file target-v3.txt (compact mmCIF, C-alpha atoms and all ligand atoms)
# COMPACT_ATOMS: atom_id res chain seq x y z
CA ARG A 1 0.00 0.00 0.00
CA SER A 2 1.14 3.53 -0.68
CA GLY A 3 -0.21 6.96 0.28
CA LEU A 4 -0.42 9.34 3.20
CA MET A 5 -1.75 6.64 5.54
CA ALA A 6 0.47 3.79 4.31
CA GLY A 7 1.52 1.59 7.21
CA LYS A 8 -1.18 2.97 9.49
CA ARG A 9 -4.00 0.95 11.02
CA GLY A 10 -7.12 2.10 12.76
CA ILE A 11 -10.67 1.50 13.90
CA VAL A 12 -13.72 3.19 12.37
CA MET A 13 -16.81 3.17 14.64
CA GLY A 14 -20.23 4.36 13.46
CA VAL A 15 -20.75 3.23 9.89
CA ALA A 16 -24.45 2.42 9.45
CA ASN A 17 -24.59 2.70 5.65
CA ASP A 18 -22.89 4.45 2.75
CA HIS A 19 -24.39 7.81 3.81
CA SER A 20 -22.68 7.70 7.23
CA ILE A 21 -20.07 10.35 7.92
CA ALA A 22 -17.81 7.61 9.29
CA TRP A 23 -18.03 5.96 5.87
CA GLY A 24 -16.90 9.18 4.17
CA ILE A 25 -13.90 9.19 6.49
CA ALA A 26 -13.21 5.47 5.92
CA LYS A 27 -13.17 6.00 2.14
CA ALA A 28 -10.67 8.86 2.45
CA LEU A 29 -8.45 6.80 4.77
CA GLY A 30 -8.65 3.75 2.51
CA SER A 31 -7.75 5.73 -0.58
CA GLU A 32 -4.54 6.84 1.15
CA GLY A 33 -3.52 3.32 2.08
CA ALA A 34 -4.78 2.93 5.66
CA GLU A 35 -5.74 -0.51 6.94
CA LEU A 36 -9.14 -0.38 8.60
CA ALA A 37 -11.18 -2.31 11.15
CA PHE A 38 -14.86 -1.48 11.56
CA THR A 39 -17.34 -1.77 14.40
CA TYR A 40 -21.10 -1.77 14.00
CA GLN A 41 -24.14 -1.68 16.26
CA GLY A 42 -26.33 -4.78 16.01
CA ALA A 43 -26.64 -7.61 13.52
CA ALA A 44 -28.87 -5.74 11.05
CA LEU A 45 -26.22 -3.06 10.51
CA GLY A 46 -23.51 -5.71 10.37
CA LYS A 47 -25.00 -7.00 7.13
CA ARG A 48 -24.62 -3.54 5.63
CA VAL A 49 -21.19 -2.78 7.02
CA LYS A 50 -19.46 -6.04 6.00
CA PRO A 51 -19.68 -5.47 2.21
CA LEU A 52 -18.68 -1.82 2.66
CA ALA A 53 -15.63 -2.89 4.66
CA GLU A 54 -14.78 -5.51 2.03
CA SER A 55 -14.90 -2.85 -0.69
CA LEU A 56 -11.99 -1.19 1.14
CA GLY A 57 -10.16 -4.49 1.55
CA SER A 58 -11.10 -4.96 5.21
CA ARG A 59 -12.31 -8.21 6.72
CA LEU A 60 -12.12 -6.91 10.29
CA VAL A 61 -15.70 -6.09 11.22
CA PHE A 62 -16.81 -6.44 14.85
CA PRO A 63 -20.07 -5.84 16.73
CA CYS A 64 -19.90 -3.10 19.35
CA ASP A 65 -22.81 -1.43 21.13
CA VAL A 66 -21.45 1.31 23.38
CA GLU A 67 -24.34 0.81 25.80
CA ASP A 68 -22.97 -2.68 26.48
CA VAL A 69 -19.39 -2.38 27.75
CA GLU A 70 -18.72 -6.09 27.23
CA THR A 71 -19.14 -5.64 23.47
CA VAL A 72 -16.77 -2.66 23.60
CA ASP A 73 -14.14 -4.73 25.38
CA ALA A 74 -14.65 -7.64 22.99
CA ALA A 75 -14.19 -5.42 19.91
CA PHE A 76 -10.95 -3.91 21.23
CA ALA A 77 -9.70 -7.36 22.27
CA ALA A 78 -10.37 -8.62 18.75
CA VAL A 79 -8.44 -5.73 17.20
CA LYS A 80 -5.57 -6.28 19.64
CA GLN A 81 -5.44 -9.94 18.71
CA GLU A 82 -5.34 -9.16 14.97
CA TRP A 83 -2.95 -6.24 14.95
CA GLY A 84 -1.38 -5.80 18.39
CA GLY A 85 -1.68 -2.04 18.09
CA ILE A 86 -3.38 0.79 16.16
CA ASP A 87 -2.53 4.30 14.97
CA PHE A 88 -5.93 6.00 14.88
CA LEU A 89 -9.60 5.76 15.83
CA VAL A 90 -12.70 7.38 14.33
CA HIS A 91 -15.77 7.76 16.59
CA GLY A 92 -18.95 8.57 14.64
CA ILE A 93 -21.57 7.52 17.17
CA ALA A 94 -24.55 9.41 18.56
CA TYR A 95 -28.10 8.65 19.65
CA SER A 96 -31.08 10.33 21.24
CA ASP A 97 -34.75 9.38 21.28
CA ARG A 98 -36.24 11.22 18.30
CA THR A 99 -39.31 12.21 20.30
CA GLU A 100 -36.97 14.59 22.16
CA LEU A 101 -35.28 15.93 19.02
CA LYS A 102 -38.23 18.26 18.62
CA GLY A 103 -40.06 20.78 20.76
CA ARG A 104 -38.39 22.24 23.84
CA TYR A 105 -35.09 21.23 25.45
CA ALA A 106 -36.77 22.04 28.74
CA ASP A 107 -38.94 18.93 28.34
CA THR A 108 -36.02 16.46 28.13
CA THR A 109 -36.59 13.41 30.33
CA ARG A 110 -34.05 12.03 32.79
CA ALA A 111 -33.94 8.65 31.04
CA ASN A 112 -33.25 10.08 27.59
CA PHE A 113 -30.79 12.65 28.97
CA ILE A 114 -28.73 9.80 30.45
CA LYS A 115 -29.00 7.61 27.36
CA THR A 116 -28.02 10.47 25.04
CA MET A 117 -25.05 11.44 27.20
CA VAL A 118 -23.78 7.86 27.55
CA ILE A 119 -23.98 7.02 23.84
CA SER A 120 -23.12 10.41 22.34
CA ALA A 121 -20.57 11.79 24.83
CA PHE A 122 -19.25 9.23 27.33
CA SER A 123 -18.69 6.53 24.70
CA PHE A 124 -15.88 8.61 23.17
CA THR A 125 -14.08 8.72 26.52
CA GLU A 126 -14.63 5.01 27.01
CA VAL A 127 -13.26 4.03 23.60
CA SER A 128 -10.41 6.56 23.80
CA LYS A 129 -9.06 4.86 26.90
CA ARG A 130 -9.15 1.48 25.18
CA ALA A 131 -7.65 2.86 21.96
CA ALA A 132 -4.86 4.60 23.87
CA ALA A 133 -3.90 1.26 25.42
CA LEU A 134 -3.26 0.04 21.85
CA MET A 135 -1.13 3.07 20.91
CA PRO A 136 2.31 2.60 22.50
CA LYS A 137 3.88 4.81 19.82
CA GLY A 138 1.18 7.50 19.92
CA GLY A 139 -1.79 8.06 17.65
CA SER A 140 -4.75 10.19 16.67
CA LEU A 141 -8.37 10.02 17.91
CA LEU A 142 -11.23 11.76 16.13
CA THR A 143 -14.89 12.31 16.98
CA LEU A 144 -17.74 14.16 15.27
CA THR A 145 -19.69 17.05 16.68
CA PHE A 146 -22.12 19.76 15.59
CA GLY A 147 -22.32 23.53 16.19
CA GLY A 148 -25.54 22.99 18.18
CA SER A 149 -23.11 22.31 21.06
CA SER A 150 -22.57 26.01 21.60
CA ARG A 151 -25.34 27.77 19.66
CA VAL A 152 -28.98 26.98 20.23
CA THR A 153 -30.36 25.15 17.20
CA PRO A 154 -34.10 24.39 17.10
CA ASN A 155 -34.93 20.73 17.87
CA TYR A 156 -31.29 19.75 18.48
CA ASN A 157 -32.03 19.99 22.21
CA VAL A 158 -30.40 17.34 24.42
CA MET A 159 -28.04 16.37 21.59
CA GLY A 160 -26.61 19.90 21.79
CA VAL A 161 -25.94 19.40 25.49
CA ALA A 162 -24.30 16.03 24.76
CA LYS A 163 -22.13 17.58 21.99
CA SER A 164 -21.03 20.27 24.43
CA ALA A 165 -19.92 17.52 26.82
CA LEU A 166 -18.27 15.67 23.94
CA GLU A 167 -16.28 18.77 22.92
CA ALA A 168 -15.15 19.34 26.52
CA SER A 169 -14.13 15.65 26.60
CA VAL A 170 -11.95 16.23 23.54
CA ARG A 171 -9.98 18.87 25.45
CA TYR A 172 -9.67 16.84 28.67
CA LEU A 173 -8.66 13.71 26.77
CA ALA A 174 -6.15 15.72 24.72
CA ALA A 175 -4.57 16.92 27.96
CA ASP A 176 -4.52 13.43 29.53
CA LEU A 177 -3.22 11.57 26.48
CA GLY A 178 -0.90 14.26 25.05
CA PRO A 179 2.12 13.08 27.09
CA ASP A 180 1.74 9.69 25.33
CA ALA A 181 1.83 11.41 21.91
CA ILE A 182 -1.86 10.71 21.38
CA ARG A 183 -3.78 13.58 19.74
CA VAL A 184 -7.52 14.07 20.22
CA ASN A 185 -9.65 16.23 17.93
CA ALA A 186 -13.20 16.68 16.68
CA ILE A 187 -14.70 17.72 13.38
CA SER A 188 -17.77 19.92 13.72
CA ALA A 189 -19.66 19.11 10.53
CA GLY A 190 -22.50 21.07 8.99
CA PRO A 191 -25.80 19.22 8.51
CA ILE A 192 -25.62 16.15 6.26
CA ARG A 193 -28.48 13.84 5.25
CA THR A 194 -27.77 10.66 7.21
CA LEU A 195 -29.79 8.25 9.34
CA ALA A 196 -28.92 10.13 12.53
CA GLY A 197 -29.44 13.51 10.85
CA ALA A 198 -32.94 12.49 9.78
CA GLY A 199 -33.88 11.95 13.44
CA ILE A 200 -33.85 15.68 14.09
CA SER A 201 -37.23 17.28 13.54
CA ASP A 202 -37.36 19.65 10.57
CA ALA A 203 -33.92 18.54 9.39
CA ARG A 204 -34.82 19.84 5.94
CA PHE A 205 -35.11 23.42 7.26
CA MET A 206 -31.74 23.11 9.01
CA PHE A 207 -30.22 21.88 5.79
CA ASN A 208 -31.73 24.60 3.60
CA TYR A 209 -31.06 27.42 6.09
CA THR A 210 -27.41 26.46 6.40
CA LYS A 211 -27.09 26.19 2.65
CA ALA A 212 -28.57 29.67 2.12
CA HIS A 213 -26.52 31.40 4.81
CA SER A 214 -23.11 29.73 4.77
CA PRO A 215 -20.29 31.60 2.97
CA LEU A 216 -19.82 28.76 0.46
CA ARG A 217 -23.61 28.71 -0.17
CA ARG A 218 -23.74 24.95 0.10
CA THR A 219 -23.89 22.19 2.65
CA VAL A 220 -21.01 19.77 3.14
CA THR A 221 -20.67 16.16 2.02
CA ILE A 222 -19.24 13.11 3.75
CA ASP A 223 -16.29 13.46 1.35
CA ASP A 224 -15.65 17.02 2.57
CA VAL A 225 -15.50 15.62 6.10
CA GLY A 226 -13.34 12.70 4.89
CA GLY A 227 -10.72 15.08 3.49
CA SER A 228 -10.43 17.04 6.71
CA ALA A 229 -10.40 13.85 8.75
CA LEU A 230 -7.45 12.62 6.70
CA TYR A 231 -5.49 15.67 7.83
CA LEU A 232 -6.43 15.20 11.49
CA LEU A 233 -5.72 11.44 11.48
CA SER A 234 -2.43 11.64 9.57
CA ASP A 235 0.95 13.07 10.50
CA LEU A 236 0.09 16.24 8.55
CA SER A 237 -1.57 17.50 11.75
CA SER A 238 1.21 16.30 14.07
CA GLY A 239 1.13 19.55 16.06
CA VAL A 240 -2.66 19.73 16.45
CA THR A 241 -4.63 18.45 19.45
CA GLY A 242 -7.73 19.40 21.44
CA GLU A 243 -9.14 21.14 18.37
CA ILE A 244 -12.77 21.45 17.28
CA HIS A 245 -12.34 21.84 13.53
CA PHE A 246 -15.33 23.19 11.58
CA VAL A 247 -16.19 21.53 8.27
CA ASP A 248 -19.39 23.47 7.69
CA ALA A 249 -18.87 25.68 4.63
CA GLY A 250 -18.14 28.51 7.10
CA TYR A 251 -21.60 28.66 8.62
CA ASN A 252 -20.32 28.81 12.22
CA PHE A 253 -18.96 32.35 12.10
CA ILE A 254 -21.97 34.02 10.47
CA GLY A 255 -23.71 36.21 13.04
CA MET A 256 -26.50 37.48 10.82
CA PRO A 257 -27.59 36.55 7.29
CA ARG A 258 -27.49 39.16 4.51
CA SER A 259 -30.90 40.76 4.06
CA GLU A 260 -31.25 39.55 0.47
CA ASN A 261 -30.91 35.99 1.78
CA LEU A 262 -34.18 36.38 3.64
CA GLN A 263 -36.07 36.49 0.38
CA SER A 264 -34.93 33.01 -0.67
P1 LIG B 301 -25.34 7.69 11.05
O1 LIG B 301 -26.72 7.34 11.49
O2 LIG B 301 -24.90 7.22 9.75
O3 LIG B 301 -24.29 7.25 12.15
C1 LIG B 301 -24.58 7.21 13.53
C2 LIG B 301 -23.99 5.92 14.04
O4 LIG B 301 -24.12 5.83 15.47
C3 LIG B 301 -24.66 4.68 13.44
O5 LIG B 301 -23.70 3.89 12.80
C4 LIG B 301 -25.21 3.98 14.67
O6 LIG B 301 -25.19 2.57 14.53
C5 LIG B 301 -24.26 4.46 15.73
N1 LIG B 301 -24.77 4.23 17.08
C6 LIG B 301 -25.88 4.74 17.67
N2 LIG B 301 -26.05 4.20 18.89
C7 LIG B 301 -25.02 3.34 19.09
C8 LIG B 301 -24.65 2.46 20.13
N3 LIG B 301 -25.37 2.34 21.24
N4 LIG B 301 -23.51 1.73 19.98
C9 LIG B 301 -22.77 1.81 18.85
N5 LIG B 301 -23.08 2.61 17.82
C10 LIG B 301 -24.20 3.36 17.94
O7 LIG B 301 -25.31 9.29 11.12
P2 LIG B 301 -24.08 10.33 11.00
O8 LIG B 301 -24.74 11.63 10.72
O9 LIG B 301 -23.04 9.82 10.11
O10 LIG B 301 -23.54 10.40 12.49
C11 LIG B 301 -22.18 10.22 12.84
C12 LIG B 301 -21.73 11.28 13.83
O11 LIG B 301 -21.70 12.55 13.16
C13 LIG B 301 -22.65 11.46 15.03
O12 LIG B 301 -21.87 11.73 16.17
C14 LIG B 301 -23.44 12.70 14.66
O13 LIG B 301 -23.96 13.38 15.78
C15 LIG B 301 -22.34 13.50 13.98
N6 LIG B 301 -22.78 14.63 13.16
C16 LIG B 301 -23.75 14.46 12.20
C17 LIG B 301 -24.15 15.54 11.44
C18 LIG B 301 -25.22 15.39 10.41
O14 LIG B 301 -25.81 16.39 9.98
N7 LIG B 301 -25.54 14.21 9.93
C19 LIG B 301 -23.56 16.81 11.61
C20 LIG B 301 -22.55 16.94 12.59
C21 LIG B 301 -22.17 15.84 13.36
call {"tool": "encode", "arguments": {"input": "target-v3.txt", "output": "structure tokens"}}
result
Amino acid sequence: RSGLMAGKRGIVMGVANDHSIAWGIAKALGSEGAELAFTYQGAALGKRVKPLAESLGSRLVFPCDVEDVETVDAAFAAVKQEWGGIDFLVHGIAYSDRTELKGRYADTTRANFIKTMVISAFSFTEVSKRAAALMPKGGSLLTLTFGGSSRVTPNYNVMGVAKSALEASVRYLAADLGPDAIRVNAISAGPIRTLAGAGISDARFMFNYTKAHSPLRRTVTIDDVGGSALYLLSDLSSGVTGEIHFVDAGYNFIGMPRSENLQS
């Protein structure tokens, strides 16, 4: 294999189908020569993920539901047995009950708050610790977040609170793991039509509003995210850690849309 990622091995968590952001990242990594292992949630998704993995030359595909720590341990044990160590990890996992991805944040229930936080925020900390144990020579960890972490976005609700916790985790993990030459970063992607994205009420409005008001006047694709992920997961970003990197066509820094945009 040749390319930017030649000789590097890593785990991609969170591919559900070929629209998943994690899949966009996997394609970019594969095209630059990385060797990949995949994890999936539940047998139904496994059937989808296996052929995708095979198309990138990977036969390492393991079940892992982050709500069940035994499956997390089993997946990392399987990777350790195959490879001994890894160089990078991609975490593209989030969940919240869709009945709470609409209406008011104030109405969030205790049960869904906990579930959302465990799957969408804590799981990154949990897998980072296990990945770090497989990175004796250092490495790069990457998760995915959304600007609703710091700016109120209608219907994003408890997921925004979880993304805020996830982004803080990126900084704390970067500080803890930095002495071991392990870098920890996040990509904050603009809205993309995926399974998870479709769970947010009125996702179409979010999509169209961002498209109309972002400087590039478009939304981003999983390949846009893949390109930026390649930088963060490769040695090109060797001096970068604890960073929340926006891949959102510039939407994040717009304070107010131009008046003519209101007509569209
Ligand atoms: P997706 O539905 O393709 O991926 C979400 C993944 O999370 C799925 O593979 C699902 O199986 C996995 N998952 C959920 N619960 C799990 C559990 N208990 N254990 C293991 N895996 C579990 O959607 P996506 O949009 O590609 O989401 C990937 C990441 O990108 C998420 O963190 C999401 O919040 C983030 N993100 C998405 C957008 C967007 O607009 N789509 C924008 C910014 C950030």
call {"tool": "residues_near_ligand", "arguments": {"input": "target-v3.txt", "ligand": "ligand LIG 301 (chain B)", "cutoff": "8 Å", "atoms": "only C-alpha atoms and all ligand atoms", "output": "number ranges by chain"}}
result
A: 13-23, 39-42, 45, 64-68, 91-95, 119-120, 143-147, 159, 163, 187-198
call {"tool": "residues_near_point", "arguments": {"input": "target-v3.txt", "point": "(-12.2, 14.4, 21.5)", "cutoff": "6 Å", "atoms": "all atoms listed in the file", "output": "NGL selection string"}}
result
:A and (143 or 169-170 or 184-186)
call {"tool": "atom_distance", "arguments": {"input": "target-v3.txt", "atom1": "CA of Glu35 (chain A)", "atom2": "CA of Thr71 (chain A)"}}
result
21.9 Å
call {"tool": "closest_residue", "arguments": {"input": "target-v3.txt", "among": "A:Asp224, A:Phe122, A:Ala37, A:Asp87", "to": "Pro63 (chain A)", "atoms": "only C-alpha atoms"}}
result
A:Ala37
call {"tool": "closest_atom_pairs", "arguments": {"input": "target-v3.txt", "of": "region 111-166 of chain A", "to": "region 102-105 of chain A", "cutoff": "9 Å", "atoms": "all atoms listed in the file", "output": "CSV"}}
result
residue,atom,partner,partner_atom,distance
A:Pro154,CA,A:Lys102,CA,7.5
A:Asn155,CA,A:Lys102,CA,4.2
A:Tyr156,CA,A:Lys102,CA,7.1
A:Asn157,CA,A:Tyr105,CA,4.6
A:Val158,CA,A:Tyr105,CA,6.2
call {"tool": "axis_aligned_box", "arguments": {"input": "target-v3.txt", "around": "region 97-110 of chain A", "padding_each_side": "4 Å", "output": "JSON"}}
result
{"center_x": -37.1, "center_y": 15.8, "center_z": 25.5, "size_x": 14.0, "size_y": 20.9, "size_z": 22.5}
call {"tool": "atom_distance", "arguments": {"input": "target-v3.txt", "atom1": "CA of Gln81 (chain A)", "atom2": "CA of Phe62 (chain A)"}}
result
12.5 Å
call {"tool": "closest_residue", "arguments": {"input": "target-v3.txt", "among": "A:Trp83, A:Glu167, A:Ala121, A:Ser214", "to": "Gly255 (chain A)", "atoms": "all atoms listed in the file"}}
result
A:Ser214
call {"tool": "closest_residue", "arguments": {"input": "target-v3.txt", "among": "A:Thr116, A:Ser201, A:Thr241, A:Thr210", "to": "Thr99 (chain A)", "atoms": "all atoms listed in the file"}}
result
A:Ser201
call {"tool": "decode", "arguments": {"input": "target-v3.txt", "residues": "region 114-213 of chain A", "atoms": "C-alpha atoms", "output": "compact mmCIF listing (two decimals), in the first residue's frame"}}
result
# COMPACT_ATOMS: atom_id res chain seq x y z
CA ILE A 114 -28.73 9.80 30.45
CA LYS A 115 -29.00 7.61 27.36
CA THR A 116 -28.02 10.47 25.04
CA MET A 117 -25.05 11.44 27.20
CA VAL A 118 -23.78 7.86 27.55
CA ILE A 119 -23.98 7.02 23.84
CA SER A 120 -23.12 10.41 22.34
CA ALA A 121 -20.57 11.79 24.83
CA PHE A 122 -19.25 9.23 27.33
CA SER A 123 -18.69 6.53 24.70
CA PHE A 124 -15.88 8.61 23.17
CA THR A 125 -14.08 8.72 26.52
CA GLU A 126 -14.63 5.01 27.01
CA VAL A 127 -13.26 4.03 23.60
CA SER A 128 -10.41 6.56 23.80
CA LYS A 129 -9.06 4.86 26.90
CA ARG A 130 -9.15 1.48 25.18
CA ALA A 131 -7.65 2.86 21.96
CA ALA A 132 -4.86 4.60 23.87
CA ALA A 133 -3.90 1.26 25.42
CA LEU A 134 -3.26 0.04 21.85
CA MET A 135 -1.13 3.07 20.91
CA PRO A 136 2.31 2.60 22.50
CA LYS A 137 3.88 4.81 19.82
CA GLY A 138 1.18 7.50 19.92
CA GLY A 139 -1.79 8.06 17.65
CA SER A 140 -4.75 10.19 16.67
CA LEU A 141 -8.37 10.02 17.91
CA LEU A 142 -11.23 11.76 16.13
CA THR A 143 -14.89 12.31 16.98
CA LEU A 144 -17.74 14.16 15.27
CA THR A 145 -19.69 17.05 16.68
CA PHE A 146 -22.12 19.76 15.59
CA GLY A 147 -22.32 23.53 16.19
CA GLY A 148 -25.54 22.99 18.18
CA SER A 149 -23.11 22.31 21.06
CA SER A 150 -22.57 26.01 21.60
CA ARG A 151 -25.34 27.77 19.66
CA VAL A 152 -28.98 26.98 20.23
CA THR A 153 -30.36 25.15 17.20
CA PRO A 154 -34.10 24.39 17.10
CA ASN A 155 -34.93 20.73 17.87
CA TYR A 156 -31.29 19.75 18.48
CA ASN A 157 -32.03 19.99 22.21
CA VAL A 158 -30.40 17.34 24.42
CA MET A 159 -28.04 16.37 21.59
CA GLY A 160 -26.61 19.90 21.79
CA VAL A 161 -25.94 19.40 25.49
CA ALA A 162 -24.30 16.03 24.76
CA LYS A 163 -22.13 17.58 21.99
CA SER A 164 -21.03 20.27 24.43
CA ALA A 165 -19.92 17.52 26.82
CA LEU A 166 -18.27 15.67 23.94
CA GLU A 167 -16.28 18.77 22.92
CA ALA A 168 -15.15 19.34 26.52
CA SER A 169 -14.13 15.65 26.60
CA VAL A 170 -11.95 16.23 23.54
CA ARG A 171 -9.98 18.87 25.45
CA TYR A 172 -9.67 16.84 28.67
CA LEU A 173 -8.66 13.71 26.77
CA ALA A 174 -6.15 15.72 24.72
CA ALA A 175 -4.57 16.92 27.96
CA ASP A 176 -4.52 13.43 29.53
CA LEU A 177 -3.22 11.57 26.48
CA GLY A 178 -0.90 14.26 25.05
CA PRO A 179 2.12 13.08 27.09
CA ASP A 180 1.74 9.69 25.33
CA ALA A 181 1.83 11.41 21.91
CA ILE A 182 -1.86 10.71 21.38
CA ARG A 183 -3.78 13.58 19.74
CA VAL A 184 -7.52 14.07 20.22
CA ASN A 185 -9.65 16.23 17.93
CA ALA A 186 -13.20 16.68 16.68
CA ILE A 187 -14.70 17.72 13.38
CA SER A 188 -17.77 19.92 13.72
CA ALA A 189 -19.66 19.11 10.53
CA GLY A 190 -22.50 21.07 8.99
CA PRO A 191 -25.80 19.22 8.51
CA ILE A 192 -25.62 16.15 6.26
CA ARG A 193 -28.48 13.84 5.25
CA THR A 194 -27.77 10.66 7.21
CA LEU A 195 -29.79 8.25 9.34
CA ALA A 196 -28.92 10.13 12.53
CA GLY A 197 -29.44 13.51 10.85
CA ALA A 198 -32.94 12.49 9.78
CA GLY A 199 -33.88 11.95 13.44
CA ILE A 200 -33.85 15.68 14.09
CA SER A 201 -37.23 17.28 13.54
CA ASP A 202 -37.36 19.65 10.57
CA ALA A 203 -33.92 18.54 9.39
CA ARG A 204 -34.82 19.84 5.94
CA PHE A 205 -35.11 23.42 7.26
CA MET A 206 -31.74 23.11 9.01
CA PHE A 207 -30.22 21.88 5.79
CA ASN A 208 -31.73 24.60 3.60
CA TYR A 209 -31.06 27.42 6.09
CA THR A 210 -27.41 26.46 6.40
CA LYS A 211 -27.09 26.19 2.65
CA ALA A 212 -28.57 29.67 2.12
CA HIS A 213 -26.52 31.40 4.81
